[in-house]
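Student: Structure file protein.txt (compact mmCIF, C-alpha atoms) right here:
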```
# COMPACT_ATOMS: atom_id res chain seq x y z
CA MET X 289 102.31 147.37 70.19
CA THR X 290 101.80 148.73 66.68
CA PRO X 291 99.32 151.56 65.99
CA PRO X 292 96.82 149.20 64.30
CA GLU X 293 96.99 146.81 67.28
CA GLU X 294 96.50 149.68 69.74
CA TYR X 295 93.56 150.91 67.67
CA LEU X 296 91.97 147.45 67.54
CA GLU X 297 92.42 147.05 71.31
CA GLN X 298 90.56 150.35 71.84
CA VAL X 299 87.79 149.12 69.53
CA ARG X 300 87.64 145.84 71.48
CA ARG X 301 87.20 147.75 74.77
CA ALA X 302 84.46 149.90 73.21
CA MET X 303 82.64 146.72 72.14
CA SER X 304 82.57 145.28 75.65
CA GLY X 305 79.41 143.34 76.32
CA MET X 306 79.07 141.87 72.84
CA GLU X 307 79.11 138.15 72.10
CA PRO X 308 82.84 137.31 72.03
CA ARG X 309 82.59 135.34 68.77
CA VAL X 310 80.86 138.22 66.96
CA ARG X 311 83.29 140.75 68.43
CA ASP X 312 86.30 138.68 67.32
CA ASP X 313 84.92 138.32 63.77
CA ILE X 314 84.43 142.08 63.57
CA LEU X 315 87.98 142.71 64.78
CA LEU X 316 89.40 140.30 62.18
CA GLU X 317 87.46 142.04 59.44
CA LEU X 318 88.51 145.47 60.72
CA ARG X 319 92.17 144.35 60.89
CA SER X 320 91.94 143.20 57.27
CA HIS X 321 90.29 146.47 56.23
CA ILE X 322 93.05 148.52 57.91
CA ALA X 323 95.76 146.42 56.23
CA GLU X 324 94.14 146.84 52.78
CA SER X 325 93.65 150.57 53.32
CA THR X 326 97.26 150.98 54.46
CA ALA X 327 98.55 149.12 51.39
CA ALA X 328 96.31 151.18 49.09
CA ASN X 329 97.51 154.55 50.42
CA GLY X 330 101.21 153.83 50.25
CA GLY X 331 101.76 152.43 53.74
CA ASN X 332 100.40 155.38 55.72
CA VAL X 333 98.93 153.59 58.75
CA ASN X 334 97.82 156.77 60.48
CA ALA X 335 95.81 157.90 57.45
CA SER X 336 94.10 154.49 57.36
CA LEU X 337 93.19 154.68 61.04
CA VAL X 338 91.87 158.24 60.70
CA ALA X 339 89.76 157.14 57.72
CA VAL X 340 88.15 154.36 59.76
CA GLY X 341 87.21 156.79 62.53
CA SER X 342 87.56 157.04 66.26
CA ALA X 343 88.11 153.63 67.86
CA GLU X 344 85.52 154.37 70.53
CA ASP X 345 82.92 155.47 67.97
CA VAL X 346 83.58 152.42 65.80
CA GLY X 347 83.30 150.05 68.76
CA HIS X 348 80.13 151.68 70.09
CA HIS X 349 78.56 151.62 66.63
CA TYR X 350 79.23 147.90 66.25
CA ARG X 351 77.86 147.20 69.73
CA GLU X 352 74.76 149.24 68.87
CA LEU X 353 74.43 147.37 65.59
CA TYR X 354 74.91 143.85 66.99
CA GLY X 355 73.77 144.41 70.57
CA TYR X 356 74.92 143.00 73.85
CA GLY X 357 75.72 139.32 74.23
CA ARG X 358 73.49 136.74 75.86
CA SER X 359 75.39 136.75 79.16
CA TYR X 360 74.96 140.51 79.54
CA LYS X 361 71.25 140.31 78.73
CA ILE X 362 70.86 137.61 81.39
CA LEU X 363 72.74 139.81 83.85
CA PHE X 364 70.46 142.78 83.02
CA ALA X 365 67.38 140.59 83.58
CA ALA X 366 68.77 139.19 86.85
CA ILE X 367 69.34 142.68 88.22
CA ALA X 368 65.78 143.67 87.23
CA PHE X 369 64.48 140.50 88.92
CA PHE X 370 66.23 141.28 92.21
CA LEU X 371 65.25 144.96 92.15
CA ALA X 372 61.59 144.14 91.49
CA PHE X 373 61.22 141.43 94.13
CA PRO X 374 60.92 143.83 97.09
CA SER X 375 58.71 146.19 95.08
CA VAL X 376 55.51 144.33 95.92
CA PRO X 377 53.65 146.53 98.41
CA VAL X 378 52.73 143.83 100.90
CA LEU X 379 52.11 145.15 104.36
CA ALA X 380 52.55 142.44 106.94
CA VAL X 381 51.96 144.01 110.30
CA GLY X 382 52.38 141.76 113.23
CA THR X 383 54.97 140.31 115.50
CA GLU X 384 56.87 138.74 112.59
CA SER X 385 57.54 141.62 110.21
CA VAL X 386 56.64 144.98 108.82
CA PHE X 387 57.39 145.66 105.17
CA PRO X 388 56.93 149.38 104.67
CA TYR X 389 54.87 150.46 101.73
CA ALA X 390 57.19 153.42 101.00
CA LEU X 391 60.18 151.11 100.65
CA SER X 392 58.35 149.05 98.02
CA ILE X 393 57.84 152.23 95.98
CA VAL X 394 61.56 152.96 96.14
CA PHE X 395 62.35 149.49 94.79
CA LEU X 396 59.68 149.84 92.09
CA VAL X 397 61.22 153.14 90.95
CA LEU X 398 64.71 151.57 90.98
CA ALA X 399 63.47 148.63 88.91
CA ALA X 400 61.72 150.97 86.44
CA VAL X 401 64.82 153.16 86.07
CA TRP X 402 66.98 150.06 85.56
CA ILE X 403 64.62 148.69 82.89
CA LEU X 404 64.58 152.07 81.10
CA ARG X 405 68.37 152.21 81.18
CA VAL X 406 68.68 148.69 79.82
CA SER X 407 66.20 149.38 77.04
CA VAL X 408 67.95 152.57 75.93
CA ALA X 409 71.49 151.17 76.23
CA ALA X 410 70.97 147.59 75.06
CA GLY X 411 67.83 147.80 72.91
CA SER X 412 64.22 146.80 73.20
CA ARG X 413 64.86 143.04 73.30
CA ALA X 414 67.08 143.36 76.36
CA GLY X 415 64.59 145.84 77.85
CA ILE X 416 61.68 143.47 77.32
CA LEU X 417 63.67 140.63 78.89
CA ALA X 418 64.50 142.81 81.92
CA GLY X 419 60.85 143.95 82.15
CA PHE X 420 59.62 140.37 81.92
CA ALA X 421 62.05 139.30 84.65
CA ALA X 422 60.77 142.12 86.86
CA MET X 423 57.17 141.09 86.18
CA VAL X 424 57.88 137.46 87.07
CA SER X 425 59.72 138.59 90.19
CA ARG X 426 56.81 140.74 91.37
CA LEU X 427 54.29 137.95 90.78
CA ALA X 428 56.54 135.44 92.54
CA ALA X 429 57.00 137.79 95.51
CA PHE X 430 53.25 138.25 95.75
CA ALA X 431 52.62 134.49 95.54
CA ILE X 432 55.19 133.83 98.28
CA ALA X 433 53.64 136.53 100.49
CA ALA X 434 50.12 135.23 99.86
CA VAL X 435 51.08 131.68 100.76
CA THR X 436 53.31 132.39 103.74
CA LEU X 437 51.53 135.24 105.51
CA ALA X 438 48.82 133.89 107.76
CA GLY X 439 45.59 135.86 107.54
CA ALA X 440 46.64 137.77 104.42
CA GLU X 441 43.77 139.13 102.39
CA THR X 442 43.89 139.80 98.67
CA THR X 443 41.53 142.30 97.11
CA ALA X 444 40.58 142.35 93.45
CA THR X 445 41.73 145.96 93.17
CA GLY X 446 45.10 145.19 94.75
CA LEU X 447 45.64 142.16 92.55
CA GLY X 448 44.61 144.12 89.45
CA LEU X 449 47.01 146.92 90.32
CA LEU X 450 49.83 144.43 90.91
CA ILE X 451 49.26 142.83 87.51
CA ALA X 452 48.85 146.18 85.71
CA VAL X 453 52.08 147.61 87.15
CA SER X 454 53.94 144.38 86.41
CA VAL X 455 52.81 144.39 82.77
CA MET X 456 53.76 148.07 82.53
CA LEU X 457 57.33 147.12 83.43
CA VAL X 458 57.47 144.92 80.33
CA LEU X 459 56.11 147.79 78.22
CA LEU X 460 58.62 150.10 79.86
CA GLY X 461 61.36 147.80 78.59
CA TRP X 462 60.00 147.82 75.06
CA ILE X 463 59.10 151.45 74.35
CA PRO X 464 62.42 153.34 74.83
CA GLY X 465 64.53 150.89 72.82
CA THR X 466 62.00 150.87 70.00
CA ALA X 467 61.69 154.67 70.05
CA LYS X 468 65.46 155.11 70.04
CA LYS X 469 65.78 152.82 67.05
CA ALA X 470 62.95 154.56 65.17
CA TRP X 471 64.08 158.10 65.94
CA SER X 472 67.80 157.70 65.44
CA ALA X 473 69.22 159.19 62.29
CA PRO X 474 70.41 156.78 59.62
CA ARG X 475 74.10 156.11 59.99
CA ALA X 476 76.71 155.18 57.45
CA GLN X 477 77.48 151.46 57.50
CA LEU X 478 81.00 150.45 58.48
```
If you took the structure in this file and wrote it as structure tokens, what would it be?

Tutor:
Amino acid sequence: MTPPEEYLEQVRRAMSGMEPRVRDDILLELRSHIAESTAANGGNVNASLVAVGSAEDVGHHYRELYGYGRSYKILFAAIAFFLAFPSVPVLAVGTESVFPYALSIVFLVLAAVWILRVSVAAGSRAGILAGFAAMVSRLAAFAIAAVTLAGAETTATGLGLLIAVSVMLVLLGWIPGTAKKAWSAPRAQL
């Protein structure tokens, strides 16, 4: 494998998670840029590759610029959905089941941490999607519990708290990605 091909393969790995079509277009353009730069500096491939920058930095910058692909965003949302489902603090005490309140807090914290991580790593759109999936999951879990648990009582305070926390998960997905974008220093365009 030639040095430019090795370099482009490293860039491809650093861009994992992007839409494949976008990633491939970027790699074609980058290959062309390296070839032009090599021809312009007398055939010195290494100088051309050094001028472009670290393959990992280039790949991460493009992924930050273009974001994760649709399939990754759906995966992020699905994980948030499944983490948030058991986070509804429904106590069903009886012969059938006991769902401990403390365990629901653990799942709520896990869902919140996951949503924060998605928002910071993949941007506010992916964070909002993950937060929305978590909100839908919590509301669905509550609806299932309310319908299936005989003798379950719903209080206005409990329902209000459920809705408020669920909406906060969506906000939690929006704020870090937006703040990161606003506070990051301007970068040179590739």

Student: Tell me, in Å to one decimal, how far atom CA of Ala428 of chain X is from atom CA of Phe373 of chain X.

Tutor: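 Computing it gives 7.8 Å between the two atoms.
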
Student: Could you work out how far atom CA of Leu371 of chain X lies from atom CA of Ile403 of chain X, giving the answer in Å with one decimal?

Tutor: 10.0 Å

Student: For each of X:Gly357, X:Pro292, X:Gly347, X:Pro308, take the minimum atom-to-atom distance to Ser325 of chain X, counting all atoms listed in the file, then give the residue where this is smallest.

Tutor: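 Of X:Gly357, X:Pro292, X:Gly347, X:Pro308, the one nearest Ser325 of chain X is X:Pro292, counting all atoms listed in the file.
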
Student: Val333 of chain X: which residues within 9 Å, counting all atoms listed in the file, same-chain residues fewer than 5 positions away excluded, as a list in words?

Tutor: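 Counting only the stated atoms, we get Pro291, Pro292, Ile322, Ala323, Ser325, Thr326, Ala327 and Val338 of chain X.
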
Student: Residues near Leu398 of chain X, anyone? I mean within 12 Å using only C-alpha atoms, not counting same-chain ones fewer than 6 positions away, as JSON, numbers by chain.

Tutor: {"X": [367, 368, 369, 370, 371, 372, 373, 374, 375, 391, 392, 404, 405, 422, 457]}

Student: Between X:Val408, X:Ala400, X:Ile463, X:Val376, which is the closest to Gly446 of chain X once you count all atoms listed in the file?

Tutor: X:Val376

Student: Report as a tab-separated table (two decimals) with C-alpha atoms, in the coordinates of the input all protein, DNA and RNA residues lying within 10 Å of Ser407 of chain X, evaluated on all atoms listed in the file, omitting residues in the same chain fewer than 6 positions from it.

Tutor:
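Below is the file result10.tsv, written as the result:
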```tsv
chain	number	residue	atom	x	y	z
X	364	PHE	CA	70.46	142.78	83.02
X	401	VAL	CA	64.82	153.16	86.07
X	413	ARG	CA	64.86	143.04	73.30
X	414	ALA	CA	67.08	143.36	76.36
X	415	GLY	CA	64.59	145.84	77.85
X	416	ILE	CA	61.68	143.47	77.32
X	417	LEU	CA	63.67	140.63	78.89
X	418	ALA	CA	64.50	142.81	81.92
X	419	GLY	CA	60.85	143.95	82.15
X	460	LEU	CA	58.62	150.10	79.86
X	461	GLY	CA	61.36	147.80	78.59
X	462	TRP	CA	60.00	147.82	75.06
X	463	ILE	CA	59.10	151.45	74.35
X	464	PRO	CA	62.42	153.34	74.83
X	465	GLY	CA	64.53	150.89	72.82
X	466	THR	CA	62.00	150.87	70.00
X	467	ALA	CA	61.69	154.67	70.05
X	468	LYS	CA	65.46	155.11	70.04
```

Student: Need the neighbours of (44.5, 134.3, 91.1): which residues are at most 12 Å away, counting all atoms listed in the file, as a PyMOL selection string?

Tutor: chain X and resi 427+430-431+434-435+442-444+446-448+450-451

Student: Can you work out which one of X:Ser320, X:Ile393, X:Tyr354, X:Glu294 has the shortest atom-to-atom distance to Glu307 of chain X, counting only C-alpha atoms?

Tutor: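 Checking each candidate against Glu307 of chain X, we get X:Tyr354 as the closest.
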
Student: Could you state the separation of atom CA of Ala429 of chain X and atom CA of Tyr356 of chain X in Å, given to one decimal place?

Tutor: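 Value for the atom CA of Ala429 of chain X-atom CA of Tyr356 of chain X distance: 28.6 Å.
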
Student: Between X:Met423, X:Ala452, X:Leu353, X:Ala339, which one has atoms that come closest to Ala409 of chain X, using only C-alpha atoms?

Tutor: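 That would be X:Leu353, the residue with the smallest distance to Ala409 of chain X.
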
Student: Counting all atoms listed in the file, figure out which residue out of X:Val310, X:Ala433, X:Val299, X:Val453 gets nearest to Gly355 of chain X.

Tutor: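 Among the listed residues, the smallest separation from Gly355 of chain X belongs to X:Val310.
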
Student: Taking the point (85.9, 155.1, 76.5) as given in the file, collect each protein or nucleic acid residue that comes within 8 Å of it, counting all atoms listed in the file, and present the set as a list in words.

Tutor: Arg301, Ala302 and Glu344 of chain X

Student: I'd like to know which of X:Ser342, X:Arg358, X:Tyr350, X:Gly330 is closest to Asp313 of chain X, using all atoms listed in the file.

Tutor: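 Of all the options, X:Tyr350 lies closest to Asp313 of chain X.
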